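K.L.:
Data file protein_28.pdb (PDB, C-alpha atoms) is appended below.
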```pdb
MODEL        1
ATOM      1  CA  MET A   1     -44.710  55.786  47.234
ATOM      2  CA  SER A   2     -47.195  54.203  44.815
ATOM      3  CA  THR A   3     -47.772  50.506  44.440
ATOM      4  CA  ALA A   4     -46.127  50.569  40.988
ATOM      5  CA  ASP A   5     -42.989  52.217  42.430
ATOM      6  CA  SER A   6     -42.744  49.725  45.284
ATOM      7  CA  ARG A   7     -42.978  46.805  42.925
ATOM      8  CA  SER A   8     -39.481  45.270  42.448
ATOM      9  CA  GLN A   9     -38.313  44.576  39.014
ATOM     10  CA  ARG A  10     -37.469  40.992  38.226
ATOM     11  CA  TYR A  11     -35.395  39.858  35.337
ATOM     12  CA  ALA A  12     -34.962  36.621  33.410
ATOM     13  CA  ARG A  13     -32.925  35.555  30.460
ATOM     14  CA  THR A  14     -34.226  33.561  27.538
ATOM     15  CA  ALA A  15     -32.512  32.023  24.542
ATOM     16  CA  THR A  16     -33.659  32.301  20.947
ATOM     17  CA  PRO A  17     -32.264  30.110  18.163
ATOM     18  CA  HIS A  18     -30.426  31.483  15.160
ATOM     19  CA  ALA A  19     -30.671  29.963  11.696
ATOM     20  CA  SER A  20     -27.102  28.745  12.108
ATOM     21  CA  GLY A  21     -28.088  26.592  15.076
ATOM     22  CA  ALA A  22     -26.610  28.916  17.768
ATOM     23  CA  TYR A  23     -28.673  30.592  20.511
ATOM     24  CA  ASN A  24     -28.833  34.217  21.685
ATOM     25  CA  VAL A  25     -29.319  34.893  25.377
ATOM     26  CA  ASN A  26     -31.597  37.932  26.004
ATOM     27  CA  THR A  27     -32.535  39.706  29.259
ATOM     28  CA  VAL A  28     -36.261  40.508  29.596
ATOM     29  CA  GLN A  29     -38.281  42.229  32.343
ATOM     30  CA  SER A  30     -40.703  40.106  34.302
ATOM     31  CA  THR A  31     -44.274  41.472  34.893
ATOM     32  CA  GLN A  32     -44.973  39.345  37.942
ATOM     33  CA  ALA A  33     -45.511  41.418  41.127
ATOM     34  CA  PRO A  34     -43.800  40.433  44.363
ATOM     35  CA  ALA A  35     -45.815  39.034  47.248
ATOM     36  CA  PRO A  36     -47.156  41.833  49.608
ATOM     37  CA  SER A  37     -45.401  42.273  52.917
ATOM     38  CA  ARG A  38     -47.311  41.694  56.171
ATOM     39  CA  GLY A  39     -45.597  44.296  58.280
ATOM     40  CA  ARG A  40     -45.009  48.034  58.073
ATOM     41  CA  ASN A  41     -41.324  47.951  58.890
ATOM     42  CA  ARG A  42     -40.503  44.739  57.050
ATOM     43  CA  SER A  43     -38.473  45.480  53.968
ATOM     44  CA  VAL A  44     -38.927  43.583  50.765
ATOM     45  CA  PRO A  45     -35.752  41.696  49.803
ATOM     46  CA  GLN A  46     -34.411  42.397  46.335
ATOM     47  CA  GLU A  47     -34.206  39.227  44.235
ATOM     48  CA  GLN A  48     -31.201  38.697  41.969
ATOM     49  CA  PRO A  49     -31.743  38.153  38.253
ATOM     50  CA  ARG A  50     -31.932  34.469  37.417
ATOM     51  CA  LEU A  51     -30.748  32.599  34.327
ATOM     52  CA  VAL A  52     -33.208  30.517  32.335
ATOM     53  CA  VAL A  53     -31.502  28.054  29.974
ATOM     54  CA  ALA A  54     -33.429  27.325  26.799
ATOM     55  CA  ALA A  55     -34.383  23.722  26.310
ATOM     56  CA  ARG A  56     -33.315  21.765  23.182
ATOM     57  CA  PRO A  57     -35.804  22.363  20.364
ATOM     58  CA  PRO A  58     -37.845  19.467  19.003
ATOM     59  CA  ARG A  59     -36.147  17.188  16.488
ATOM     60  CA  ALA A  60     -38.211  18.544  13.569
ATOM     61  CA  ASP A  61     -37.317  22.154  14.384
ATOM     62  CA  GLU A  62     -33.678  21.241  14.993
ATOM     63  CA  THR A  63     -33.412  19.704  11.527
ATOM     64  CA  ARG A  64     -35.110  22.700  10.012
ATOM     65  CA  LEU A  65     -32.590  25.048  11.630
ATOM     66  CA  LEU A  66     -29.519  23.284  10.206
ATOM     67  CA  PRO A  67     -27.744  25.764   7.908
ATOM     68  CA  VAL A  68     -26.740  23.330   5.116
ATOM     69  CA  ARG A  69     -28.137  20.081   3.770
ATOM     70  CA  GLY A  70     -26.166  17.686   1.613
ATOM     71  CA  PRO A  71     -26.828  17.253  -2.078
ATOM     72  CA  ARG A  72     -29.264  14.656  -3.284
ATOM     73  CA  HIS A  73     -28.503  12.440  -6.277
ATOM     74  CA  GLU A  74     -30.487   9.994  -8.284
ATOM     75  CA  ARG A  75     -30.109   6.385  -7.218
ATOM     76  CA  HIS A  76     -28.124   4.063  -9.449
ATOM     77  CA  LEU A  77     -30.144   0.937 -10.084
ATOM     78  CA  LEU A  78     -29.486  -2.096 -12.282
ATOM     79  CA  GLU A  79     -31.882  -4.746 -13.412
ATOM     80  CA  ALA A  80     -30.916  -8.352 -12.779
ATOM     81  CA  ASP A  81     -30.148  -9.001 -16.446
ATOM     82  CA  GLU A  82     -27.829  -5.946 -16.538
ATOM     83  CA  LEU A  83     -25.397  -7.156 -13.854
ATOM     84  CA  ASN A  84     -23.209  -8.852 -16.446
ATOM     85  CA  THR A  85     -22.422  -5.449 -17.954
ATOM     86  CA  LEU A  86     -20.977  -4.172 -14.664
ATOM     87  CA  SER A  87     -17.170  -4.202 -14.603
ATOM     88  CA  LEU A  88     -14.390  -2.575 -12.576
ATOM     89  CA  PRO A  89     -11.271  -1.048 -14.176
ATOM     90  CA  VAL A  90      -8.793  -3.151 -12.198
ATOM     91  CA  GLY A  91      -5.552  -4.281 -13.831
ATOM     92  CA  ASP A  92      -2.793  -6.676 -12.852
ATOM     93  CA  ASP A  93      -1.047  -6.123  -9.560
ATOM     94  CA  GLY A  94       2.537  -6.894  -8.716
ATOM     95  CA  VAL A  95       6.004  -5.524  -9.382
ATOM     96  CA  VAL A  96       6.786  -3.743 -12.639
ATOM     97  CA  ILE A  97       9.916  -5.492 -13.903
ATOM     98  CA  GLY A  98      10.212  -3.524 -17.156
ATOM     99  CA  THR A  99       8.417  -3.172 -20.497
ATOM    100  CA  ASP A 100       7.470  -5.738 -23.121
ATOM    101  CA  PRO A 101       8.372  -5.425 -26.841
ATOM    102  CA  GLN A 102       5.164  -3.425 -27.347
ATOM    103  CA  ASN A 103       6.393  -0.891 -24.754
ATOM    104  CA  ARG A 104       3.708  -1.900 -22.256
ATOM    105  CA  PRO A 105       4.472  -2.359 -18.539
ATOM    106  CA  ALA A 106       5.452  -5.921 -17.646
ATOM    107  CA  VAL A 107       4.044  -6.792 -14.224
ATOM    108  CA  LEU A 108       5.215  -9.777 -12.193
ATOM    109  CA  GLY A 109       3.065 -11.100  -9.345
ATOM    110  CA  LEU A 110       5.817 -11.919  -6.879
ATOM    111  CA  PHE A 111       3.867 -12.571  -3.693
ATOM    112  CA  ARG A 112       1.146 -15.186  -3.369
ATOM    113  CA  PRO A 113      -0.579 -17.124  -0.568
ATOM    114  CA  ARG A 114       2.003 -19.874  -1.103
ATOM    115  CA  ALA A 115       5.746 -20.064  -1.422
ATOM    116  CA  VAL A 116       7.156 -18.907  -4.774
ATOM    117  CA  ASP A 117      10.502 -20.209  -6.020
ATOM    118  CA  GLY A 118      12.456 -18.674  -8.885
ATOM    119  CA  ALA A 119      15.909 -18.297 -10.380
ATOM    120  CA  LEU A 120      17.753 -15.459 -12.110
ATOM    121  CA  VAL A 121      20.470 -16.593 -14.524
ATOM    122  CA  ALA A 122      21.669 -13.048 -14.785
ATOM    123  CA  GLY A 123      23.906 -10.364 -13.382
ATOM    124  CA  SER A 124      23.382  -8.750 -10.009
ATOM    125  CA  TYR A 125      21.920  -5.645 -11.684
ATOM    126  CA  LEU A 126      18.657  -7.446 -12.490
ATOM    127  CA  ALA A 127      18.368  -8.822  -8.940
ATOM    128  CA  GLN A 128      19.005  -5.390  -7.437
ATOM    129  CA  LEU A 129      16.444  -3.735  -9.694
ATOM    130  CA  ILE A 130      13.780  -6.256  -8.661
ATOM    131  CA  ALA A 131      14.708  -5.852  -4.988
ATOM    132  CA  LEU A 132      14.454  -2.075  -5.253
ATOM    133  CA  ARG A 133      11.027  -2.186  -6.882
ATOM    134  CA  ALA A 134       9.701  -4.862  -4.543
ATOM    135  CA  ALA A 135      10.750  -2.700  -1.586
ATOM    136  CA  ALA A 136       8.766   0.167  -3.096
ATOM    137  CA  THR A 137       5.608  -1.958  -2.844
ATOM    138  CA  GLY A 138       6.121  -2.421   0.913
ATOM    139  CA  ALA A 139       7.806  -5.834   0.901
ATOM    140  CA  ARG A 140      10.711  -6.713   3.161
ATOM    141  CA  ILE A 141      13.900  -7.686   1.351
ATOM    142  CA  VAL A 142      16.435 -10.177   2.676
ATOM    143  CA  ILE A 143      19.699 -10.725   0.793
ATOM    144  CA  GLU A 144      21.690 -13.884   1.545
ATOM    145  CA  THR A 145      25.090 -13.059   0.140
ATOM    146  CA  ALA A 146      28.822 -13.518   0.454
ATOM    147  CA  ARG A 147      29.297 -10.133  -1.234
ATOM    148  CA  PRO A 148      27.958  -7.563   1.244
ATOM    149  CA  GLU A 149      30.019  -4.790  -0.374
ATOM    150  CA  LEU A 150      28.005  -5.273  -3.571
ATOM    151  CA  TRP A 151      24.637  -4.921  -1.831
ATOM    152  CA  SER A 152      25.445  -2.316   0.834
ATOM    153  CA  PRO A 153      24.624   0.757  -1.320
ATOM    154  CA  LEU A 154      21.210  -0.715  -2.105
ATOM    155  CA  ALA A 155      20.545  -1.591   1.536
ATOM    156  CA  GLN A 156      21.428   1.939   2.648
ATOM    157  CA  ASN A 157      19.310   3.782   0.065
ATOM    158  CA  ALA A 158      16.344   1.531  -0.739
ATOM    159  CA  GLY A 159      14.080   2.473   2.152
ATOM    160  CA  GLY A 160      14.337   6.254   2.143
ATOM    161  CA  GLY A 161      15.753   6.283   5.667
ATOM    162  CA  GLN A 162      14.054   3.076   6.824
ATOM    163  CA  GLN A 163      15.783  -0.290   6.873
ATOM    164  CA  VAL A 164      13.821  -2.456   4.459
ATOM    165  CA  VAL A 165      16.770  -4.442   3.063
ATOM    166  CA  ALA A 166      18.653  -6.810   5.364
ATOM    167  CA  LEU A 167      21.960  -8.437   4.442
ATOM    168  CA  VAL A 168      22.529 -11.920   5.853
ATOM    169  CA  PRO A 169      25.643 -14.122   5.501
ATOM    170  CA  VAL A 170      25.364 -17.399   3.603
ATOM    171  CA  ARG A 171      23.656 -20.190   5.582
ATOM    172  CA  ARG A 172      22.506 -17.709   8.241
ATOM    173  CA  VAL A 173      18.911 -17.113   7.089
ATOM    174  CA  GLY A 174      16.468 -17.578   9.971
ATOM    175  CA  PRO A 175      12.667 -17.568  10.067
ATOM    176  CA  LEU A 176      11.427 -14.599   8.037
ATOM    177  CA  GLY A 177       7.825 -14.339   9.287
ATOM    178  CA  ALA A 178       6.256 -13.563   5.919
ATOM    179  CA  SER A 179       2.552 -12.728   5.865
ATOM    180  CA  ALA A 180      -0.017 -11.128   3.593
ATOM    181  CA  ALA A 181       0.531  -7.796   5.348
ATOM    182  CA  SER A 182       4.327  -8.158   5.279
ATOM    183  CA  PRO A 183       5.540 -10.262   2.325
ATOM    184  CA  VAL A 184       9.228 -11.137   2.055
ATOM    185  CA  LEU A 185      11.524 -11.347  -0.946
ATOM    186  CA  LEU A 186      14.586 -13.500  -0.300
ATOM    187  CA  ILE A 187      17.380 -13.142  -2.854
ATOM    188  CA  ARG A 188      20.101 -15.764  -2.592
ATOM    189  CA  ASP A 189      23.407 -14.523  -3.965
ATOM    190  CA  CYS A 190      25.476 -17.612  -3.165
ATOM    191  CA  GLY A 191      27.279 -18.466  -6.400
ATOM    192  CA  ALA A 192      26.543 -20.919  -9.199
ATOM    193  CA  ARG A 193      25.900 -23.803  -6.755
ATOM    194  CA  PRO A 194      24.118 -22.307  -3.742
ATOM    195  CA  PRO A 195      23.681 -24.454  -0.631
ATOM    196  CA  ARG A 196      20.294 -25.781   0.352
ATOM    197  CA  LEU A 197      18.136 -23.317   2.274
ATOM    198  CA  ALA A 198      17.886 -24.389   5.915
ATOM    199  CA  GLN A 199      14.566 -22.716   6.703
ATOM    200  CA  PRO A 200      11.375 -23.972   5.035
ATOM    201  CA  LYS A 201       9.729 -21.672   2.509
ATOM    202  CA  THR A 202       6.377 -20.288   3.620
ATOM    203  CA  ALA A 203       3.389 -18.508   2.131
ATOM    204  CA  TRP A 204       3.906 -14.885   1.037
ATOM    205  CA  GLN A 205       7.633 -15.561   0.684
ATOM    206  CA  THR A 206       9.316 -15.416  -2.705
ATOM    207  CA  THR A 207      12.812 -16.851  -3.094
ATOM    208  CA  LEU A 208      14.914 -15.797  -6.079
ATOM    209  CA  THR A 209      18.256 -17.565  -6.523
ATOM    210  CA  LEU A 210      20.811 -15.480  -8.417
ATOM    211  CA  LEU A 211      23.031 -17.636 -10.673
ATOM    212  CA  PRO A 212      25.931 -16.002 -12.540
ATOM    213  CA  PHE A 213      25.743 -18.795 -15.125
ATOM    214  CA  LEU A 214      23.857 -22.035 -15.610
ATOM    215  CA  ASP A 215      25.899 -24.794 -14.014
ATOM    216  CA  PRO A 216      25.178 -28.400 -15.118
ATOM    217  CA  GLY A 217      25.315 -29.528 -11.507
ATOM    218  CA  TYR A 218      22.533 -27.136 -10.485
ATOM    219  CA  ALA A 219      20.405 -26.887 -13.631
ATOM    220  CA  GLY A 220      18.141 -29.705 -12.468
ATOM    221  CA  GLN A 221      16.918 -27.501  -9.582
ATOM    222  CA  LEU A 222      15.156 -25.258 -12.118
ATOM    223  CA  VAL A 223      12.697 -27.961 -13.174
ATOM    224  CA  GLY A 224      10.290 -27.187 -10.339
ATOM    225  CA  ALA A 225      10.810 -23.402 -10.326
ATOM    226  CA  ASP A 226       7.796 -21.152 -10.667
ATOM    227  CA  LEU A 227       9.741 -18.673 -12.809
ATOM    228  CA  VAL A 228      13.164 -18.386 -14.392
ATOM    229  CA  ALA A 229      14.757 -15.233 -15.817
ATOM    230  CA  LEU A 230      17.471 -15.622 -18.442
ATOM    231  CA  GLN A 231      19.796 -12.865 -19.542
ATOM    232  CA  ARG A 232      22.427 -13.485 -22.203
ATOM    233  CA  ILE A 233      23.919 -16.981 -21.862
ATOM    234  CA  SER A 234      26.338 -19.027 -23.919
ATOM    235  CA  PRO A 235      25.210 -21.521 -26.581
ATOM    236  CA  GLN A 236      26.199 -24.398 -24.260
ATOM    237  CA  GLU A 237      24.063 -22.962 -21.455
ATOM    238  CA  THR A 238      21.224 -22.469 -23.917
ATOM    239  CA  GLN A 239      21.240 -26.146 -24.850
ATOM    240  CA  LEU A 240      21.246 -27.025 -21.161
ATOM    241  CA  ALA A 241      18.324 -24.666 -20.539
ATOM    242  CA  THR A 242      16.198 -26.426 -23.169
ATOM    243  CA  ARG A 243      16.252 -29.573 -20.997
ATOM    244  CA  VAL A 244      14.850 -27.927 -17.891
ATOM    245  CA  ILE A 245      12.872 -24.925 -19.212
ATOM    246  CA  ARG A 246      10.242 -24.730 -21.904
ATOM    247  CA  ILE A 247      11.818 -22.458 -24.498
ATOM    248  CA  GLY A 248      11.332 -22.417 -28.232
ATOM    249  CA  VAL A 249      13.717 -22.710 -31.126
ATOM    250  CA  GLU A 250      13.672 -18.951 -31.643
ATOM    251  CA  ASP A 251      14.701 -18.486 -27.996
ATOM    252  CA  VAL A 252      17.624 -20.865 -28.443
ATOM    253  CA  GLN A 253      18.835 -18.691 -31.278
ATOM    254  CA  ALA A 254      18.218 -15.381 -29.483
ATOM    255  CA  LEU A 255      19.585 -16.051 -25.986
ATOM    256  CA  PRO A 256      23.325 -15.982 -26.823
ATOM    257  CA  GLY A 257      22.970 -12.535 -28.387
ATOM    258  CA  LEU A 258      20.585 -10.732 -26.032
ATOM    259  CA  PRO A 259      21.515  -7.125 -25.238
ATOM    260  CA  ASP A 260      22.220  -6.224 -21.618
ATOM    261  CA  GLU A 261      18.781  -4.647 -21.053
ATOM    262  CA  LEU A 262      16.756  -7.610 -22.379
ATOM    263  CA  THR A 263      15.681 -10.616 -20.281
ATOM    264  CA  LEU A 264      13.612 -13.693 -21.101
ATOM    265  CA  TRP A 265      11.166 -14.470 -18.282
ATOM    266  CA  CYS A 266       9.818 -18.029 -18.267
ATOM    267  CA  ALA A 267       6.889 -19.217 -16.147
ATOM    268  CA  ARG A 268       4.877 -22.409 -16.056
ATOM    269  CA  HIS A 269       2.331 -21.149 -18.569
ATOM    270  CA  GLY A 270       4.336 -18.933 -20.891
ATOM    271  CA  ARG A 271       7.355 -16.733 -21.492
ATOM    272  CA  GLN A 272       7.956 -13.059 -22.176
ATOM    273  CA  TYR A 273      10.864 -10.877 -23.245
ATOM    274  CA  VAL A 274      11.172  -7.826 -20.971
ATOM    275  CA  TYR A 275      13.325  -4.730 -21.299
ATOM    276  CA  SER A 276      14.833  -3.414 -18.068
ATOM    277  CA  MET A 277      14.021   0.299 -18.114
ATOM    278  CA  PRO A 278      15.354   1.952 -14.943
ATOM    279  CA  THR A 279      14.013   5.291 -13.824
ATOM    280  CA  GLN A 280      16.302   8.262 -13.312
ATOM    281  CA  LEU A 281      16.565   7.592  -9.576
ATOM    282  CA  GLU A 282      17.198   3.870 -10.136
ATOM    283  CA  ALA A 283      19.887   4.628 -12.706
ATOM    284  CA  GLY A 284      21.547   7.005 -10.253
ATOM    285  CA  LEU A 285      21.760   4.220  -7.673
ATOM    286  CA  LEU A 286      22.328   1.137  -9.838
ATOM    287  CA  GLY A 287      23.725   2.520 -13.081
ATOM    288  CA  THR A 288      22.719   1.282 -16.527
ATOM    289  CA  PRO A 289      21.551  -2.295 -17.206
ATOM    290  CA  ARG A 290      24.407  -4.789 -17.512
ATOM    291  CA  ARG A 291      24.839  -8.533 -17.735
ATOM    292  CA  MET A 292      28.228  -9.023 -16.097
ATOM    293  CA  ASP A 293      29.218  -7.786 -12.599
TER     294      ASP A 293
ENDMDL
END
```
Reformat the file's structure so that it appears as structure tokens.

P.N.:
Amino acid sequence: MSTADSRSQRYARTATPHASGAYNVNTVQSTQAPAPSRGRNRSVPQEQPRLVVAARPPRADETRLLPVRGPRHERHLLEADELNTLSLPVGDDGVVIGTDPQNRPAVLGLFRPRAVDGALVAGSYLAQLIALRAAATGARIVIETARPELWSPLAQNAGGGQQVVALVPVRRVGPLGASAASPVLLIRDCGARPPRLAQPKTAWQTTLTLLPFLDPGYAGQLVGADLVALQRISPQETQLATRVIRIGVEDVQALPGLPDELTLWCARHGRQYVYSMPTQLEAGLLGTPRRMD
């Protein structure tokens, strides 16, 4: 047997990179000769093929082998004197309570980093519409009422399967735990002369007191209110409202004849007439706008 025939074949595997970043493992024949034996009868052991794992390529080659590179855009730069021209298209935030006379959305900022106190001299429809829309923004709704049968349909359907509206008996409101991440709207449906709220009002909590009519014994409580909503009221109630709310002569004339869908919203720094425009789903749950229950 010749020296070439007695030479054992040795194998190794190497890995070559693809353009996609993967590696192929190939089997190649080694040219290295085995060490010569020192005895006639000593047999040469056959070595098993061994696996050689390819090392990670250098960083420069690794980047070059990446299949895709992201797009490159021009940088957006502004000079110092051009910063005043930069603006963001951000509008008012809050709860859409209807539309103004120009058919534009009327937005009410209900929740603030302080307690907000308001009153609704209106029917329960307006209070339920506000509760439904406030729940849609992620707020928790608590209804203090002696009429649970009136509010039960809203409580069962407002959250889409989740309980976001809680009904509480009169004088049974406990701590509500309002926060910026979980604001609370408390609606007090306790008649024309509601009792005093036992729990203190906190930040990110808005309290709206629903009044079926403006009682002379309670009208003075509206002096310090942050907002007051007035649906159609009698001429006597209108004269009483002028003593505690800043309304004009034209409002005094208009309030006794307001249609059911129109409400006058009064705040510390202005007033606005708003049309209650329910969506199809809201109308299916609450019906059409109305002043009387």

K.L.:
Using only C-alpha atoms, find the one residue out of A:Arg193, A:Arg188, A:Arg104, A:Arg171 that sits nearest to A:Gln272.

P.N.:
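For A:Gln272, the nearest of the candidates is A:Arg104.
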
K.L.:
For this file, the PyMOL selection byres ((chain A and resi 247-259) around 9) selects which residues, as a PDB file with C-alpha atoms, in the frame of the given file?

P.N.:
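Saved file selection07.pdb follows:
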```pdb
ATOM      1  CA  LEU A 230      17.471 -15.622 -18.442  1.00  0.00           C
ATOM      2  CA  GLN A 231      19.796 -12.865 -19.542  1.00  0.00           C
ATOM      3  CA  ARG A 232      22.427 -13.485 -22.203  1.00  0.00           C
ATOM      4  CA  ILE A 233      23.919 -16.981 -21.862  1.00  0.00           C
ATOM      5  CA  SER A 234      26.338 -19.027 -23.919  1.00  0.00           C
ATOM      6  CA  PRO A 235      25.210 -21.521 -26.581  1.00  0.00           C
ATOM      7  CA  GLU A 237      24.063 -22.962 -21.455  1.00  0.00           C
ATOM      8  CA  THR A 238      21.224 -22.469 -23.917  1.00  0.00           C
ATOM      9  CA  GLN A 239      21.240 -26.146 -24.850  1.00  0.00           C
ATOM     10  CA  ALA A 241      18.324 -24.666 -20.539  1.00  0.00           C
ATOM     11  CA  THR A 242      16.198 -26.426 -23.169  1.00  0.00           C
ATOM     12  CA  ILE A 245      12.872 -24.925 -19.212  1.00  0.00           C
ATOM     13  CA  ARG A 246      10.242 -24.730 -21.904  1.00  0.00           C
ATOM     14  CA  ASP A 260      22.220  -6.224 -21.618  1.00  0.00           C
ATOM     15  CA  GLU A 261      18.781  -4.647 -21.053  1.00  0.00           C
ATOM     16  CA  LEU A 262      16.756  -7.610 -22.379  1.00  0.00           C
ATOM     17  CA  THR A 263      15.681 -10.616 -20.281  1.00  0.00           C
ATOM     18  CA  LEU A 264      13.612 -13.693 -21.101  1.00  0.00           C
ATOM     19  CA  CYS A 266       9.818 -18.029 -18.267  1.00  0.00           C
ATOM     20  CA  ARG A 271       7.355 -16.733 -21.492  1.00  0.00           C
ATOM     21  CA  ARG A 290      24.407  -4.789 -17.512  1.00  0.00           C
ATOM     22  CA  ARG A 291      24.839  -8.533 -17.735  1.00  0.00           C
TER      23      ARG A 291
END
```

K.L.:
Could you state the separation of atom CA of A:Ser276 and atom CA of A:Pro194 in Å, given to one decimal place?

P.N.:
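Atom CA of A:Ser276 sits 25.5 Å away from atom CA of A:Pro194.
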
K.L.:
So which residues touch stretch 211-216 of chain A within 6 Å, counting only C-alpha atoms, skipping near sequence neighbours fewer than 3 positions away, as a ChimeraX atom specification?

P.N.:
/A:120-122,192,219,237

K.L.:
Any idea what the distance is between atom CA of A:Ser179 and atom CA of A:Pro113?

P.N.:
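Atom CA of A:Ser179 sits 8.4 Å away from atom CA of A:Pro113.
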
K.L.:
Would you please work out which residue, of A:Gln163, A:Ser182, A:Leu126, A:Pro148, is nearest to A:Gly98 when using all atoms listed in the file?

P.N.:
A:Leu126
